[in-house]
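I have placed the structure first, in the form of structure tokens, so that the comments after it can refer back to it.
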Amino acid sequence: MRRGRRLRADENIRGLVRETILTPQDFILPIFAVEGEGIKREIESLPGVYHYSVDMLKEVVEEAVNLGIKGIMIFGLPDHKDCCGSEAYADNGIVQRATRKIRELTNDLLVSTDVCMCEYTDNGHCGIIHDGDVDNDETLDYLCKIAVSHAKAGSQMIAPSDMMDGRVYRIREALDKAGFKNVSIMSYSAKYCSAYYGPFRAAANSAPAFGDRKTYQMDPANRREAIREVLYDIEEGADIVMVKPALSYLDIIREVRDTVETPVCAYNVSGEYAMVKAAAKMGLIDEEKIILETLLSMKRAGADIIITYHALEASKLLRR
């Protein structure tokens with residue numbers, strides 16, 4: 001008789017043969033920076049996640065460092081929006097100021113910044129609109145301006161989330177020309193047009209004012225297309241590729257991992273987070289165990305990095 005249970009007999013043997021290990025160093029913590037002063041405001045759609053004004057970032061930054069988290073991702077909420085998202089590339093924009101502040105506070109976190117236009121345009125779309133659709137090539141010019149402005153502010157990793165064709169090549173070219181050859185690019189390579197983004201759009205006030213994003217974000221039905229998009233981005237200069245969302249796309253994470261040697265990031269998105277919080281509030285699940293099992297599944301699928309709103313609480317659980 002084959003006895004697999006011999007290797008499950010107690011925690012000592014289970015620990016010795018465990019194939020996948022989850023640590024705080026696997027996580028990137030998203031941070032929402034807002035205009036104003038003295039603001040630490042819980043986000044209604046994301047319980048336990050907060051809007052922070054720049055002067056209030058110290059608390060969350062110090063907590064992340066103390067827990068052993070190695071990276072953050074900054075998202076900005078401007079007060080002013082217009083058709084070309086001008087606050088996204090303003091020298092004194094909200095992301096730029098938050099980046100400078102965090103770089104002043106610590107050298108123990110990789111500071112990455114989301115590069116997109118949806119939070120900054122008055123229409124909520126990820127680029128420049130002409131005839132009711134996003135103009136891909138004109139949008140690239142603006143994405144380059146945003147990326148360079150973030151790098152000037154101190155961003156160490158640019159993360160374009162717009163899904164425009166050719167944006168990795170253009171951003172890499174723009175960064176290099178501006179003297180930022182050592183600033184890396186983590187591309188949202190396989191970003192699906194997903195219903196799981198709802199709580200984020202409420203948190204970032206970035207829902208489209210008309211239509212949807214199906215002409216630029218990927219069809220959830222497609223698997224092979226994800227591999228093409230990942231390979232395009234690597235060819236164009238991406239240092240890290242991302243699959244977003246994560247939980248319903250574990251098959252994509254695994255296939256990307258098996259196809260490329262480039263580091264792979266999974267984005268544990270807002271809807272995935274919010275479902276856990278809602279089920280826990282109703283007493284339907286063991287929240288702590290679900291959090292760790294969910295994140296472990298993403299790493300087991302092949303993710304080297306996980307962007308997650310659970311980063312702080314998961315890191316505390318892993319220290320027990």
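Each chain of the structure tokens is named A, B, ... in the order shown, its residues numbered from 1; ligands are numbered from 1 in display order.
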
For the strand (DSSP E or B) assignment from backbone DSSP, which residues of range 166-301 of chain A qualify? Please present them as a PDB file with all heavy atoms, in the first residue's frame.
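Everything below was put into states37.pdb:
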```pdb
ATOM      1  N   SER A 184      12.602  50.239 -13.429  1.00  0.00           N
ATOM      2  CA  SER A 184      12.053  49.047 -14.062  1.00  0.00           C
ATOM      3  C   SER A 184      10.590  49.235 -14.447  1.00  0.00           C
ATOM      4  O   SER A 184       9.928  50.180 -14.011  1.00  0.00           O
ATOM      5  CB  SER A 184      12.208  47.836 -13.133  1.00  0.00           C
ATOM      6  OG  SER A 184      11.618  48.089 -11.872  1.00  0.00           O
ATOM      7  N   ILE A 185      10.098  48.316 -15.273  1.00  0.00           N
ATOM      8  CA  ILE A 185       8.707  48.326 -15.711  1.00  0.00           C
ATOM      9  C   ILE A 185       8.047  47.014 -15.329  1.00  0.00           C
ATOM     10  O   ILE A 185       8.523  45.931 -15.696  1.00  0.00           O
ATOM     11  CB  ILE A 185       8.590  48.535 -17.231  1.00  0.00           C
ATOM     12  CG1 ILE A 185       9.137  49.905 -17.632  1.00  0.00           C
ATOM     13  CG2 ILE A 185       7.136  48.379 -17.692  1.00  0.00           C
ATOM     14  CD1 ILE A 185       9.144  50.143 -19.138  1.00  0.00           C
ATOM     15  N   MET A 186       6.986  47.102 -14.568  1.00  0.00           N
ATOM     16  CA  MET A 186       6.127  45.952 -14.280  1.00  0.00           C
ATOM     17  C   MET A 186       4.822  46.180 -15.028  1.00  0.00           C
ATOM     18  O   MET A 186       4.012  47.019 -14.646  1.00  0.00           O
ATOM     19  CB  MET A 186       5.862  45.808 -12.768  1.00  0.00           C
ATOM     20  CG  MET A 186       4.901  44.667 -12.443  1.00  0.00           C
ATOM     21  SD  MET A 186       4.835  44.260 -10.678  1.00  0.00           S
ATOM     22  CE  MET A 186       4.149  45.783 -10.004  1.00  0.00           C
ATOM     23  N   SER A 187       4.650  45.455 -16.095  1.00  0.00           N
ATOM     24  CA  SER A 187       3.510  45.703 -16.969  1.00  0.00           C
ATOM     25  C   SER A 187       2.292  44.876 -16.565  1.00  0.00           C
ATOM     26  O   SER A 187       2.401  43.680 -16.276  1.00  0.00           O
ATOM     27  CB  SER A 187       3.887  45.361 -18.413  1.00  0.00           C
ATOM     28  OG  SER A 187       2.762  45.534 -19.257  1.00  0.00           O
ATOM     29  N   TYR A 188       1.131  45.539 -16.557  1.00  0.00           N
ATOM     30  CA  TYR A 188      -0.131  44.818 -16.457  1.00  0.00           C
ATOM     31  C   TYR A 188      -0.340  44.146 -17.818  1.00  0.00           C
ATOM     32  O   TYR A 188      -1.019  44.674 -18.692  1.00  0.00           O
ATOM     33  CB  TYR A 188      -1.281  45.775 -16.189  1.00  0.00           C
ATOM     34  CG  TYR A 188      -1.348  46.414 -14.816  1.00  0.00           C
ATOM     35  CD1 TYR A 188      -0.339  47.255 -14.351  1.00  0.00           C
ATOM     36  CD2 TYR A 188      -2.469  46.230 -14.012  1.00  0.00           C
ATOM     37  CE1 TYR A 188      -0.432  47.877 -13.125  1.00  0.00           C
ATOM     38  CE2 TYR A 188      -2.585  46.852 -12.779  1.00  0.00           C
ATOM     39  CZ  TYR A 188      -1.562  47.671 -12.335  1.00  0.00           C
ATOM     40  OH  TYR A 188      -1.666  48.295 -11.118  1.00  0.00           O
ATOM     41  N   SER A 189       0.269  43.010 -18.014  1.00  0.00           N
ATOM     42  CA  SER A 189       0.334  42.408 -19.348  1.00  0.00           C
ATOM     43  C   SER A 189      -0.969  41.728 -19.741  1.00  0.00           C
ATOM     44  O   SER A 189      -1.482  41.929 -20.843  1.00  0.00           O
ATOM     45  CB  SER A 189       1.487  41.401 -19.402  1.00  0.00           C
ATOM     46  OG  SER A 189       2.719  42.033 -19.148  1.00  0.00           O
ATOM     47  N   ALA A 190      -1.483  40.876 -18.853  1.00  0.00           N
ATOM     48  CA  ALA A 190      -2.743  40.183 -19.102  1.00  0.00           C
ATOM     49  C   ALA A 190      -3.778  40.742 -18.134  1.00  0.00           C
ATOM     50  O   ALA A 190      -4.036  40.185 -17.074  1.00  0.00           O
ATOM     51  CB  ALA A 190      -2.579  38.677 -18.916  1.00  0.00           C
ATOM     52  N   LYS A 191      -4.320  41.902 -18.497  1.00  0.00           N
ATOM     53  CA  LYS A 191      -5.327  42.556 -17.659  1.00  0.00           C
ATOM     54  C   LYS A 191      -6.686  42.375 -18.322  1.00  0.00           C
ATOM     55  O   LYS A 191      -6.946  42.907 -19.396  1.00  0.00           O
ATOM     56  CB  LYS A 191      -5.015  44.046 -17.492  1.00  0.00           C
ATOM     57  CG  LYS A 191      -6.020  44.783 -16.605  1.00  0.00           C
ATOM     58  CD  LYS A 191      -5.662  46.249 -16.457  1.00  0.00           C
ATOM     59  CE  LYS A 191      -6.659  46.988 -15.584  1.00  0.00           C
ATOM     60  NZ  LYS A 191      -6.317  48.415 -15.429  1.00  0.00           N
ATOM     61  N   TYR A 192      -7.526  41.626 -17.633  1.00  0.00           N
ATOM     62  CA  TYR A 192      -8.824  41.272 -18.191  1.00  0.00           C
ATOM     63  C   TYR A 192      -9.879  42.331 -17.875  1.00  0.00           C
ATOM     64  O   TYR A 192      -9.792  43.037 -16.862  1.00  0.00           O
ATOM     65  CB  TYR A 192      -9.273  39.918 -17.631  1.00  0.00           C
ATOM     66  CG  TYR A 192      -8.509  38.756 -18.230  1.00  0.00           C
ATOM     67  CD1 TYR A 192      -7.292  38.344 -17.699  1.00  0.00           C
ATOM     68  CD2 TYR A 192      -9.011  38.076 -19.331  1.00  0.00           C
ATOM     69  CE1 TYR A 192      -6.592  37.280 -18.249  1.00  0.00           C
ATOM     70  CE2 TYR A 192      -8.318  37.011 -19.894  1.00  0.00           C
ATOM     71  CZ  TYR A 192      -7.111  36.612 -19.347  1.00  0.00           C
ATOM     72  OH  TYR A 192      -6.407  35.558 -19.895  1.00  0.00           O
ATOM     73  N   MET A 218      -8.706  42.795 -21.748  1.00  0.00           N
ATOM     74  CA  MET A 218      -8.873  41.499 -22.401  1.00  0.00           C
ATOM     75  C   MET A 218     -10.210  40.834 -22.099  1.00  0.00           C
ATOM     76  O   MET A 218     -10.783  41.006 -21.023  1.00  0.00           O
ATOM     77  CB  MET A 218      -7.743  40.555 -21.971  1.00  0.00           C
ATOM     78  CG  MET A 218      -6.403  40.839 -22.610  1.00  0.00           C
ATOM     79  SD  MET A 218      -5.146  39.692 -22.004  1.00  0.00           S
ATOM     80  CE  MET A 218      -5.972  38.129 -22.280  1.00  0.00           C
ATOM     81  N   ILE A 240       8.946  42.792 -15.409  1.00  0.00           N
ATOM     82  CA  ILE A 240       8.015  41.912 -14.695  1.00  0.00           C
ATOM     83  C   ILE A 240       6.697  41.960 -15.453  1.00  0.00           C
ATOM     84  O   ILE A 240       6.300  43.027 -15.938  1.00  0.00           O
ATOM     85  CB  ILE A 240       7.804  42.377 -13.239  1.00  0.00           C
ATOM     86  CG1 ILE A 240       9.131  42.384 -12.471  1.00  0.00           C
ATOM     87  CG2 ILE A 240       6.782  41.495 -12.508  1.00  0.00           C
ATOM     88  CD1 ILE A 240       9.040  43.045 -11.099  1.00  0.00           C
ATOM     89  N   VAL A 241       6.013  40.822 -15.557  1.00  0.00           N
ATOM     90  CA  VAL A 241       4.702  40.789 -16.197  1.00  0.00           C
ATOM     91  C   VAL A 241       3.646  40.435 -15.154  1.00  0.00           C
ATOM     92  O   VAL A 241       3.938  39.804 -14.148  1.00  0.00           O
ATOM     93  CB  VAL A 241       4.657  39.797 -17.365  1.00  0.00           C
ATOM     94  CG1 VAL A 241       5.569  40.266 -18.493  1.00  0.00           C
ATOM     95  CG2 VAL A 241       5.027  38.376 -16.927  1.00  0.00           C
ATOM     96  N   MET A 242       2.422  40.880 -15.409  1.00  0.00           N
ATOM     97  CA  MET A 242       1.358  40.718 -14.421  1.00  0.00           C
ATOM     98  C   MET A 242       0.122  40.086 -15.042  1.00  0.00           C
ATOM     99  O   MET A 242      -0.194  40.327 -16.207  1.00  0.00           O
ATOM    100  CB  MET A 242       0.974  42.084 -13.841  1.00  0.00           C
ATOM    101  CG  MET A 242      -0.017  42.022 -12.682  1.00  0.00           C
ATOM    102  SD  MET A 242      -0.759  43.627 -12.310  1.00  0.00           S
ATOM    103  CE  MET A 242       0.680  44.618 -11.964  1.00  0.00           C
ATOM    104  N   VAL A 243      -0.552  39.284 -14.214  1.00  0.00           N
ATOM    105  CA  VAL A 243      -1.877  38.772 -14.538  1.00  0.00           C
ATOM    106  C   VAL A 243      -2.864  39.399 -13.556  1.00  0.00           C
ATOM    107  O   VAL A 243      -2.653  39.383 -12.347  1.00  0.00           O
ATOM    108  CB  VAL A 243      -1.944  37.236 -14.436  1.00  0.00           C
ATOM    109  CG1 VAL A 243      -3.369  36.737 -14.680  1.00  0.00           C
ATOM    110  CG2 VAL A 243      -0.964  36.585 -15.417  1.00  0.00           C
ATOM    111  N   LYS A 244      -3.950  39.949 -14.091  1.00  0.00           N
ATOM    112  CA  LYS A 244      -4.948  40.626 -13.264  1.00  0.00           C
ATOM    113  C   LYS A 244      -6.327  40.389 -13.873  1.00  0.00           C
ATOM    114  O   LYS A 244      -6.514  40.626 -15.067  1.00  0.00           O
ATOM    115  CB  LYS A 244      -4.649  42.129 -13.218  1.00  0.00           C
ATOM    116  CG  LYS A 244      -5.642  42.940 -12.406  1.00  0.00           C
ATOM    117  CD  LYS A 244      -5.338  44.433 -12.502  1.00  0.00           C
ATOM    118  CE  LYS A 244      -6.342  45.239 -11.688  1.00  0.00           C
ATOM    119  NZ  LYS A 244      -6.131  46.690 -11.815  1.00  0.00           N
ATOM    120  N   VAL A 264       6.810  36.915 -12.512  1.00  0.00           N
ATOM    121  CA  VAL A 264       5.369  37.028 -12.729  1.00  0.00           C
ATOM    122  C   VAL A 264       4.710  37.576 -11.468  1.00  0.00           C
ATOM    123  O   VAL A 264       4.946  37.089 -10.358  1.00  0.00           O
ATOM    124  CB  VAL A 264       4.744  35.664 -13.076  1.00  0.00           C
ATOM    125  CG1 VAL A 264       3.226  35.776 -13.213  1.00  0.00           C
ATOM    126  CG2 VAL A 264       5.365  35.103 -14.354  1.00  0.00           C
ATOM    127  N   CYS A 265       3.867  38.593 -11.664  1.00  0.00           N
ATOM    128  CA  CYS A 265       3.102  39.187 -10.573  1.00  0.00           C
ATOM    129  C   CYS A 265       1.628  38.846 -10.767  1.00  0.00           C
ATOM    130  O   CYS A 265       1.124  38.808 -11.889  1.00  0.00           O
ATOM    131  CB  CYS A 265       3.288  40.703 -10.572  1.00  0.00           C
ATOM    132  SG  CYS A 265       2.321  41.586  -9.323  1.00  0.00           S
ATOM    133  N   ALA A 266       0.932  38.594  -9.664  1.00  0.00           N
ATOM    134  CA  ALA A 266      -0.520  38.406  -9.680  1.00  0.00           C
ATOM    135  C   ALA A 266      -1.143  39.534  -8.872  1.00  0.00           C
ATOM    136  O   ALA A 266      -0.663  39.854  -7.786  1.00  0.00           O
ATOM    137  CB  ALA A 266      -0.897  37.059  -9.073  1.00  0.00           C
ATOM    138  N   TYR A 267      -2.221  40.109  -9.383  1.00  0.00           N
ATOM    139  CA  TYR A 267      -2.913  41.167  -8.665  1.00  0.00           C
ATOM    140  C   TYR A 267      -4.181  40.581  -8.046  1.00  0.00           C
ATOM    141  O   TYR A 267      -5.142  40.268  -8.746  1.00  0.00           O
ATOM    142  CB  TYR A 267      -3.264  42.316  -9.616  1.00  0.00           C
ATOM    143  CG  TYR A 267      -3.596  43.633  -8.924  1.00  0.00           C
ATOM    144  CD1 TYR A 267      -3.168  44.844  -9.457  1.00  0.00           C
ATOM    145  CD2 TYR A 267      -4.337  43.672  -7.740  1.00  0.00           C
ATOM    146  CE1 TYR A 267      -3.465  46.058  -8.843  1.00  0.00           C
ATOM    147  CE2 TYR A 267      -4.629  44.876  -7.117  1.00  0.00           C
ATOM    148  CZ  TYR A 267      -4.192  46.062  -7.674  1.00  0.00           C
ATOM    149  OH  TYR A 267      -4.495  47.258  -7.059  1.00  0.00           O
ATOM    150  N   ASN A 268      -4.150  40.440  -6.721  1.00  0.00           N
ATOM    151  CA  ASN A 268      -5.312  39.998  -5.936  1.00  0.00           C
ATOM    152  C   ASN A 268      -6.238  41.206  -5.800  1.00  0.00           C
ATOM    153  O   ASN A 268      -6.104  42.005  -4.894  1.00  0.00           O
ATOM    154  CB  ASN A 268      -4.813  39.498  -4.584  1.00  0.00           C
ATOM    155  CG  ASN A 268      -5.881  39.087  -3.612  1.00  0.00           C
ATOM    156  OD1 ASN A 268      -5.682  39.202  -2.397  1.00  0.00           O
ATOM    157  ND2 ASN A 268      -7.015  38.607  -4.079  1.00  0.00           N
TER     158      ASN A 268
END
```

Quiz item: Among range 51-225 of chain A, which ones does DSSP place in alpha helix (DSSP H), written as an MDAnalysis selection string?
Solution: chainID A and resid 57:66 94:105 136:153 167:177 198:204 224:225

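Between CA of Leu22 in chain A and CA of Ile306 in chain A lies a distance of 10.2 Å.
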
Self-check item: Nearby residues (only C-alpha atoms) at most 8 Å from range 290-297 of chain A, same-chain spacing under 2 positions excluded, as a ChimeraX atom specification
Solution: /A:20-22,247,250,268,276,285-288,299-301,306,310,314

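Separating CA of Cys83 in chain A from CA of Met164 in chain A is a distance of 17.2 Å.
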
Practice problem: Quote the spacing between CA of Leu317 in chain A and CA of Glu272 in chain A in Å to one decimal place. | Solution: 18.6 Å

Per residue of range 128-193 of chain A within 10 Å of range 102-117 of chain A, note the shortest atom pair and the distance in Å to one decimal, counting only C-alpha atoms, and order the rows by chain and increasing residue number, as a tab-separated table.
```
residue	atom	partner	partner_atom	distance
A:Ile128	CA	A:Met117	CA	8.6
A:Thr139	CA	A:Met117	CA	8.9
A:Tyr142	CA	A:Met117	CA	8.5
A:Leu143	CA	A:Cys116	CA	6.8
A:Cys144	CA	A:Val115	CA	9.0
A:Lys145	CA	A:Val115	CA	9.9
A:Ile146	CA	A:Val115	CA	6.6
A:Ala147	CA	A:Val115	CA	6.4
A:His150	CA	A:Thr113	CA	7.1
A:Ala151	CA	A:Thr113	CA	9.0
A:Ala153	CA	A:Arg103	CA	8.9
A:Gly154	CA	A:Arg103	CA	6.8
A:Ser155	CA	A:Val111	CA	5.5
A:Gln156	CA	A:Val111	CA	5.5
A:Met157	CA	A:Ser112	CA	4.4
A:Ile158	CA	A:Thr113	CA	5.4
A:Ala159	CA	A:Asp114	CA	4.8
A:Pro160	CA	A:Val115	CA	4.4
A:Ser161	CA	A:Cys116	CA	5.6
A:Asp162	CA	A:Cys116	CA	5.2
A:Met163	CA	A:Cys116	CA	9.0
A:Met164	CA	A:Cys116	CA	9.9
A:Val183	CA	A:Ser112	CA	9.6
A:Ser184	CA	A:Ser112	CA	9.1
A:Ile185	CA	A:Ser112	CA	9.1
A:Met186	CA	A:Ser112	CA	8.7
A:Ser187	CA	A:Val115	CA	9.6
A:Tyr188	CA	A:Asp114	CA	9.6
```

Take the residues from that selection and put them in a file with N, CA and C atoms, as a PDB file, in the first residue's frame.
```
ATOM      1  N   ILE A 128      -6.924  59.021 -24.136  1.00  0.00           N
ATOM      2  CA  ILE A 128      -7.509  60.162 -24.834  1.00  0.00           C
ATOM      3  C   ILE A 128      -8.661  59.677 -25.721  1.00  0.00           C
ATOM      4  N   THR A 139      -2.664  58.280 -26.848  1.00  0.00           N
ATOM      5  CA  THR A 139      -2.573  57.990 -25.420  1.00  0.00           C
ATOM      6  C   THR A 139      -1.149  57.629 -25.011  1.00  0.00           C
ATOM      7  N   TYR A 142       0.916  60.489 -23.694  1.00  0.00           N
ATOM      8  CA  TYR A 142       0.582  60.899 -22.332  1.00  0.00           C
ATOM      9  C   TYR A 142       1.110  59.901 -21.306  1.00  0.00           C
ATOM     10  N   LEU A 143       1.025  58.621 -21.607  1.00  0.00           N
ATOM     11  CA  LEU A 143       1.555  57.612 -20.686  1.00  0.00           C
ATOM     12  C   LEU A 143       3.054  57.797 -20.469  1.00  0.00           C
ATOM     13  N   CYS A 144       3.767  58.171 -21.526  1.00  0.00           N
ATOM     14  CA  CYS A 144       5.201  58.428 -21.393  1.00  0.00           C
ATOM     15  C   CYS A 144       5.460  59.619 -20.485  1.00  0.00           C
ATOM     16  N   LYS A 145       4.664  60.681 -20.640  1.00  0.00           N
ATOM     17  CA  LYS A 145       4.808  61.854 -19.769  1.00  0.00           C
ATOM     18  C   LYS A 145       4.556  61.480 -18.310  1.00  0.00           C
ATOM     19  N   ILE A 146       3.539  60.647 -18.074  1.00  0.00           N
ATOM     20  CA  ILE A 146       3.233  60.225 -16.704  1.00  0.00           C
ATOM     21  C   ILE A 146       4.385  59.402 -16.131  1.00  0.00           C
ATOM     22  N   ALA A 147       4.866  58.451 -16.911  1.00  0.00           N
ATOM     23  CA  ALA A 147       5.938  57.571 -16.430  1.00  0.00           C
ATOM     24  C   ALA A 147       7.196  58.363 -16.079  1.00  0.00           C
ATOM     25  N   HIS A 150       6.747  60.308 -12.865  1.00  0.00           N
ATOM     26  CA  HIS A 150       6.837  59.437 -11.686  1.00  0.00           C
ATOM     27  C   HIS A 150       8.302  59.108 -11.375  1.00  0.00           C
ATOM     28  N   ALA A 151       9.056  58.815 -12.418  1.00  0.00           N
ATOM     29  CA  ALA A 151      10.473  58.502 -12.205  1.00  0.00           C
ATOM     30  C   ALA A 151      11.221  59.701 -11.629  1.00  0.00           C
ATOM     31  N   ALA A 153      10.024  61.857  -9.693  1.00  0.00           N
ATOM     32  CA  ALA A 153       9.615  61.979  -8.287  1.00  0.00           C
ATOM     33  C   ALA A 153      10.248  60.922  -7.409  1.00  0.00           C
ATOM     34  N   GLY A 154      10.797  59.867  -8.016  1.00  0.00           N
ATOM     35  CA  GLY A 154      11.475  58.839  -7.241  1.00  0.00           C
ATOM     36  C   GLY A 154      10.907  57.442  -7.368  1.00  0.00           C
ATOM     37  N   SER A 155       9.932  57.248  -8.250  1.00  0.00           N
ATOM     38  CA  SER A 155       9.407  55.897  -8.449  1.00  0.00           C
ATOM     39  C   SER A 155      10.507  54.987  -8.983  1.00  0.00           C
ATOM     40  N   GLN A 156      10.606  53.813  -8.383  1.00  0.00           N
ATOM     41  CA  GLN A 156      11.631  52.860  -8.793  1.00  0.00           C
ATOM     42  C   GLN A 156      11.104  51.823  -9.778  1.00  0.00           C
ATOM     43  N   MET A 157       9.774  51.741  -9.862  1.00  0.00           N
ATOM     44  CA  MET A 157       9.158  50.793 -10.786  1.00  0.00           C
ATOM     45  C   MET A 157       7.881  51.396 -11.351  1.00  0.00           C
ATOM     46  N   ILE A 158       7.802  51.450 -12.660  1.00  0.00           N
ATOM     47  CA  ILE A 158       6.637  51.981 -13.352  1.00  0.00           C
ATOM     48  C   ILE A 158       5.731  50.812 -13.730  1.00  0.00           C
ATOM     49  N   ALA A 159       4.439  50.951 -13.424  1.00  0.00           N
ATOM     50  CA  ALA A 159       3.499  49.852 -13.670  1.00  0.00           C
ATOM     51  C   ALA A 159       2.348  50.340 -14.551  1.00  0.00           C
ATOM     52  N   PRO A 160       2.487  50.263 -15.875  1.00  0.00           N
ATOM     53  CA  PRO A 160       1.416  50.714 -16.765  1.00  0.00           C
ATOM     54  C   PRO A 160       0.241  49.741 -16.767  1.00  0.00           C
ATOM     55  N   SER A 161      -0.950  50.257 -16.468  1.00  0.00           N
ATOM     56  CA  SER A 161      -2.137  49.413 -16.328  1.00  0.00           C
ATOM     57  C   SER A 161      -3.192  49.699 -17.388  1.00  0.00           C
ATOM     58  N   ASP A 162      -2.853  50.485 -18.388  1.00  0.00           N
ATOM     59  CA  ASP A 162      -3.813  51.009 -19.358  1.00  0.00           C
ATOM     60  C   ASP A 162      -4.231  50.015 -20.432  1.00  0.00           C
ATOM     61  N   MET A 163      -3.359  49.068 -20.764  1.00  0.00           N
ATOM     62  CA  MET A 163      -3.557  48.063 -21.817  1.00  0.00           C
ATOM     63  C   MET A 163      -3.572  48.648 -23.230  1.00  0.00           C
ATOM     64  N   MET A 164      -2.868  49.762 -23.448  1.00  0.00           N
ATOM     65  CA  MET A 164      -2.682  50.263 -24.802  1.00  0.00           C
ATOM     66  C   MET A 164      -1.607  49.437 -25.514  1.00  0.00           C
ATOM     67  N   VAL A 183      15.180  52.450 -13.828  1.00  0.00           N
ATOM     68  CA  VAL A 183      13.790  52.349 -13.376  1.00  0.00           C
ATOM     69  C   VAL A 183      13.140  51.201 -14.152  1.00  0.00           C
ATOM     70  N   SER A 184      12.602  50.239 -13.429  1.00  0.00           N
ATOM     71  CA  SER A 184      12.053  49.047 -14.062  1.00  0.00           C
ATOM     72  C   SER A 184      10.590  49.235 -14.447  1.00  0.00           C
ATOM     73  N   ILE A 185      10.098  48.316 -15.273  1.00  0.00           N
ATOM     74  CA  ILE A 185       8.707  48.326 -15.711  1.00  0.00           C
ATOM     75  C   ILE A 185       8.047  47.014 -15.329  1.00  0.00           C
ATOM     76  N   MET A 186       6.986  47.102 -14.568  1.00  0.00           N
ATOM     77  CA  MET A 186       6.127  45.952 -14.280  1.00  0.00           C
ATOM     78  C   MET A 186       4.822  46.180 -15.028  1.00  0.00           C
ATOM     79  N   SER A 187       4.650  45.455 -16.095  1.00  0.00           N
ATOM     80  CA  SER A 187       3.510  45.703 -16.969  1.00  0.00           C
ATOM     81  C   SER A 187       2.292  44.876 -16.565  1.00  0.00           C
ATOM     82  N   TYR A 188       1.131  45.539 -16.557  1.00  0.00           N
ATOM     83  CA  TYR A 188      -0.131  44.818 -16.457  1.00  0.00           C
ATOM     84  C   TYR A 188      -0.340  44.146 -17.818  1.00  0.00           C
TER      85      TYR A 188
END
```

Quiz item: Leaving out Phe180 in chain A and any residue of its chain fewer than 6 positions from it, which residues lie within 10 Å of it when counting only C-alpha atoms, given as a list in words?
Solution: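 These residues fall inside the cut-off: Val148, Ala151, Lys152, Gln156, Arg172, Glu173 and Ala174 of chain A.
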
Write a file of the selected residues as a short mmCIF file (atom, residue, chain, number, x, y, z; two decimals), in the first residue's frame, keeping N, CA, C and O atoms.
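The result, written out as selection-v2.cif:
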```cif
data_model
loop_
_atom_site.label_atom_id
_atom_site.label_comp_id
_atom_site.auth_asym_id
_atom_site.auth_seq_id
_atom_site.Cartn_x
_atom_site.Cartn_y
_atom_site.Cartn_z
N VAL A 148 7.58 59.29 -16.93
CA VAL A 148 8.79 60.08 -16.66
C VAL A 148 8.59 60.96 -15.44
O VAL A 148 9.49 61.11 -14.60
N ALA A 151 9.06 58.82 -12.42
CA ALA A 151 10.47 58.50 -12.21
C ALA A 151 11.22 59.70 -11.63
O ALA A 151 12.06 59.55 -10.73
N LYS A 152 10.92 60.89 -12.11
CA LYS A 152 11.56 62.09 -11.56
C LYS A 152 11.24 62.27 -10.08
O LYS A 152 12.06 62.77 -9.31
N GLN A 156 10.61 53.81 -8.38
CA GLN A 156 11.63 52.86 -8.79
C GLN A 156 11.10 51.82 -9.78
O GLN A 156 11.88 51.10 -10.39
N ARG A 172 9.54 52.50 -22.05
CA ARG A 172 10.96 52.16 -21.85
C ARG A 172 11.84 53.16 -22.58
O ARG A 172 12.87 53.63 -22.05
N GLU A 173 11.46 53.49 -23.80
CA GLU A 173 12.22 54.45 -24.60
C GLU A 173 12.24 55.82 -23.92
O GLU A 173 13.30 56.47 -23.84
N ALA A 174 11.07 56.25 -23.41
CA ALA A 174 10.97 57.57 -22.76
C ALA A 174 11.79 57.61 -21.47
O ALA A 174 12.48 58.61 -21.20
#
```

Quiz item: Counting only C-alpha atoms, what is within 8 Å of Tyr52 in chain A, bar same-chain residues fewer than 5 positions away, as a VMD selection string?
Solution: chain A and resid 31 to 34 39 to 41 57

Quiz prompt | Nearest to Asn182 in chain A, chosen from A:Leu67, A:Ala226, A:Asp239, A:Leu16, with only C-alpha atoms counted in the distances | solution = A:Asp239

Quiz item: What's the 12 Å shell around Thr259 in chain A, counting only C-alpha atoms, without same-chain residues fewer than 5 positions away, as a PyMOL selection string?
Solution: chain A and resi 224+226-228+230-231+234+241+252-254+264+302
